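> Provided below: data_19.cif, containing mmCIF, N, CA and C atoms.
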data_input
loop_
_atom_site.label_atom_id
_atom_site.label_comp_id
_atom_site.auth_asym_id
_atom_site.auth_seq_id
_atom_site.Cartn_x
_atom_site.Cartn_y
_atom_site.Cartn_z
N MET A 280 0.82 -1.18 0.00
CA MET A 280 0.00 0.00 0.00
C MET A 280 0.87 1.26 0.00
N LEU A 281 1.95 1.21 0.74
CA LEU A 281 2.82 2.38 0.80
C LEU A 281 3.53 2.62 -0.53
N SER A 282 3.71 1.59 -1.32
CA SER A 282 4.41 1.76 -2.59
C SER A 282 3.47 2.10 -3.74
N ASN A 283 2.16 2.14 -3.50
CA ASN A 283 1.20 2.46 -4.54
C ASN A 283 0.98 3.97 -4.59
N PRO A 284 1.39 4.63 -5.66
CA PRO A 284 1.27 6.10 -5.71
C PRO A 284 -0.17 6.59 -5.75
N HIS A 285 -1.12 5.72 -6.09
CA HIS A 285 -2.53 6.12 -6.10
C HIS A 285 -3.10 6.17 -4.68
N ILE A 286 -2.57 5.36 -3.80
CA ILE A 286 -3.01 5.34 -2.40
C ILE A 286 -2.17 6.30 -1.57
N TYR A 287 -0.89 6.32 -1.84
CA TYR A 287 0.06 7.07 -1.01
C TYR A 287 1.02 7.81 -1.91
N PRO A 288 0.68 9.04 -2.31
CA PRO A 288 1.46 9.75 -3.33
C PRO A 288 2.85 10.22 -2.92
N GLN A 289 3.06 10.57 -1.65
CA GLN A 289 4.40 11.01 -1.25
C GLN A 289 4.64 10.76 0.24
N LEU A 290 5.90 10.62 0.58
CA LEU A 290 6.32 10.37 1.95
C LEU A 290 6.04 11.59 2.82
N SER A 291 5.52 11.38 4.01
CA SER A 291 5.26 12.51 4.90
C SER A 291 6.56 13.03 5.51
N ASP A 292 6.46 14.15 6.20
CA ASP A 292 7.63 14.73 6.87
C ASP A 292 8.18 13.81 7.95
N ALA A 293 7.35 12.93 8.48
CA ALA A 293 7.77 12.01 9.54
C ALA A 293 8.42 10.75 8.97
N GLY A 294 8.61 10.71 7.65
CA GLY A 294 9.18 9.52 7.05
C GLY A 294 8.17 8.39 7.08
N GLY A 295 8.61 7.21 7.35
CA GLY A 295 7.71 6.06 7.42
C GLY A 295 7.00 5.91 8.74
N TYR A 296 7.14 6.91 9.61
CA TYR A 296 6.59 6.78 10.96
C TYR A 296 5.46 7.77 11.23
N GLY A 297 4.95 8.44 10.20
CA GLY A 297 3.87 9.40 10.37
C GLY A 297 2.53 8.72 10.57
N ASN A 298 1.52 9.51 10.84
CA ASN A 298 0.18 8.99 11.10
C ASN A 298 -0.38 8.24 9.88
N MET A 299 -0.23 8.83 8.70
CA MET A 299 -0.76 8.19 7.49
C MET A 299 -0.06 6.86 7.24
N GLU A 300 1.25 6.82 7.40
CA GLU A 300 1.99 5.57 7.20
C GLU A 300 1.54 4.50 8.19
N GLN A 301 1.36 4.88 9.43
CA GLN A 301 0.93 3.92 10.45
C GLN A 301 -0.46 3.39 10.15
N GLN A 302 -1.36 4.26 9.69
CA GLN A 302 -2.71 3.83 9.33
C GLN A 302 -2.68 2.85 8.16
N LEU A 303 -1.83 3.12 7.17
CA LEU A 303 -1.72 2.21 6.03
C LEU A 303 -1.12 0.87 6.44
N ILE A 304 -0.14 0.89 7.33
CA ILE A 304 0.47 -0.35 7.80
C ILE A 304 -0.56 -1.18 8.57
N ILE A 305 -1.32 -0.53 9.44
CA ILE A 305 -2.36 -1.24 10.21
C ILE A 305 -3.40 -1.83 9.27
N ALA A 306 -3.84 -1.04 8.28
CA ALA A 306 -4.83 -1.53 7.32
C ALA A 306 -4.27 -2.73 6.54
N SER A 307 -2.99 -2.67 6.17
CA SER A 307 -2.37 -3.78 5.44
C SER A 307 -2.33 -5.05 6.26
N VAL A 308 -1.97 -4.92 7.54
CA VAL A 308 -1.91 -6.09 8.42
C VAL A 308 -3.31 -6.67 8.62
N GLU A 309 -4.30 -5.80 8.82
CA GLU A 309 -5.67 -6.29 8.99
C GLU A 309 -6.17 -6.99 7.74
N MET A 310 -5.83 -6.47 6.57
CA MET A 310 -6.23 -7.11 5.32
C MET A 310 -5.56 -8.48 5.18
N ALA A 311 -4.29 -8.57 5.54
CA ALA A 311 -3.57 -9.85 5.45
C ALA A 311 -4.17 -10.87 6.41
N GLU A 312 -4.47 -10.44 7.64
CA GLU A 312 -5.07 -11.35 8.62
C GLU A 312 -6.43 -11.83 8.14
N SER A 313 -7.21 -10.93 7.57
CA SER A 313 -8.53 -11.29 7.05
C SER A 313 -8.42 -12.30 5.91
N LEU A 314 -7.44 -12.10 5.03
CA LEU A 314 -7.23 -13.02 3.92
C LEU A 314 -6.83 -14.41 4.43
N ILE A 315 -5.95 -14.45 5.42
CA ILE A 315 -5.54 -15.72 6.00
C ILE A 315 -6.74 -16.45 6.60
N GLN A 316 -7.56 -15.74 7.36
CA GLN A 316 -8.75 -16.34 7.96
C GLN A 316 -9.71 -16.85 6.89
N HIS A 317 -9.89 -16.06 5.83
CA HIS A 317 -10.77 -16.46 4.74
C HIS A 317 -10.27 -17.74 4.08
N MET A 318 -8.96 -17.81 3.84
CA MET A 318 -8.40 -19.00 3.19
C MET A 318 -8.49 -20.22 4.09
N GLU A 319 -8.29 -20.05 5.39
CA GLU A 319 -8.39 -21.18 6.31
C GLU A 319 -9.82 -21.69 6.39
N LYS A 320 -10.81 -20.80 6.32
CA LYS A 320 -12.21 -21.22 6.33
C LYS A 320 -12.59 -21.90 5.02
N ALA A 321 -12.03 -21.43 3.92
CA ALA A 321 -12.36 -21.97 2.61
C ALA A 321 -11.83 -23.39 2.44
N ASP A 322 -10.67 -23.67 3.01
CA ASP A 322 -10.05 -24.99 2.88
C ASP A 322 -9.35 -25.34 4.19
N PRO A 323 -10.11 -25.79 5.19
CA PRO A 323 -9.50 -26.08 6.50
C PRO A 323 -8.47 -27.21 6.46
N GLN A 324 -8.49 -28.05 5.43
CA GLN A 324 -7.53 -29.14 5.34
C GLN A 324 -6.13 -28.64 4.99
N SER A 325 -6.04 -27.45 4.42
CA SER A 325 -4.75 -26.97 3.92
C SER A 325 -4.02 -26.09 4.91
N GLU A 326 -4.29 -26.20 6.16
CA GLU A 326 -3.72 -25.32 7.17
C GLU A 326 -2.21 -25.19 7.02
N ARG A 327 -1.84 -24.35 6.06
CA ARG A 327 -0.44 -23.97 5.81
C ARG A 327 0.47 -25.17 5.58
N GLN A 328 0.00 -26.15 4.84
CA GLN A 328 0.83 -27.28 4.50
C GLN A 328 1.82 -26.86 3.43
N VAL A 329 3.02 -27.34 3.54
CA VAL A 329 4.06 -27.05 2.56
C VAL A 329 3.97 -28.12 1.47
N MET A 330 3.94 -27.67 0.23
CA MET A 330 3.90 -28.61 -0.88
C MET A 330 5.27 -29.24 -1.06
N PRO A 331 5.34 -30.56 -1.17
CA PRO A 331 6.65 -31.20 -1.37
C PRO A 331 7.20 -30.88 -2.76
N ASN A 332 8.50 -30.81 -2.87
CA ASN A 332 9.16 -30.60 -4.18
C ASN A 332 9.02 -31.84 -5.02
N LYS A 333 8.78 -31.63 -6.30
CA LYS A 333 8.63 -32.79 -7.21
C LYS A 333 9.88 -33.02 -7.98
#
Starting from the file, lay out its structure as structure tokens.

Amino acid sequence: MLSNPHIYPQLSDAGGYGNMEQQLIIASVEMAESLIQHMEKADPQSERQVMPNK
């Protein structure tokens, strides 16, 4: 999200530690957690199994 110029056009004066940056980081983490939960509900058998190399 921070690297998308449509969402975040320029770095704030606080660098990566400003209010906007923190809000985007929190939103990103929440989206990732939601996606993980969605995937675990969709296929409970695949609980982060590693695929063997062929």
> For atom C of A:Ile286 and atom C of A:Gln301, quote the distance in Å rounded to one decimal.
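Computed distance, atom C of A:Ile286 to atom C of A:Gln301, equals 12.2 Å.
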> Atom N of A:Asp322 and atom C of A:Met310 are how many Å apart?
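It comes out at 16.2 Å.
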> Work out how far apart atom N of A:Leu303 and atom CA of A:Gln316 are and give it in Å to one decimal.
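Separation of atom N of A:Leu303 and atom CA of A:Gln316: 20.7 Å.
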> Padding of 6 Å on every side, edges along x, y and z, all listed atoms of stretch 284-289 of chain A included: what centre and edge lengths in Å, to one decimal, does that box have, as AutoDock Vina command-line options?

--center_x 0.8 --center_y 7.8 --center_z -2.9 --size_x 19.7 --size_y 18.4 --size_z 18.3
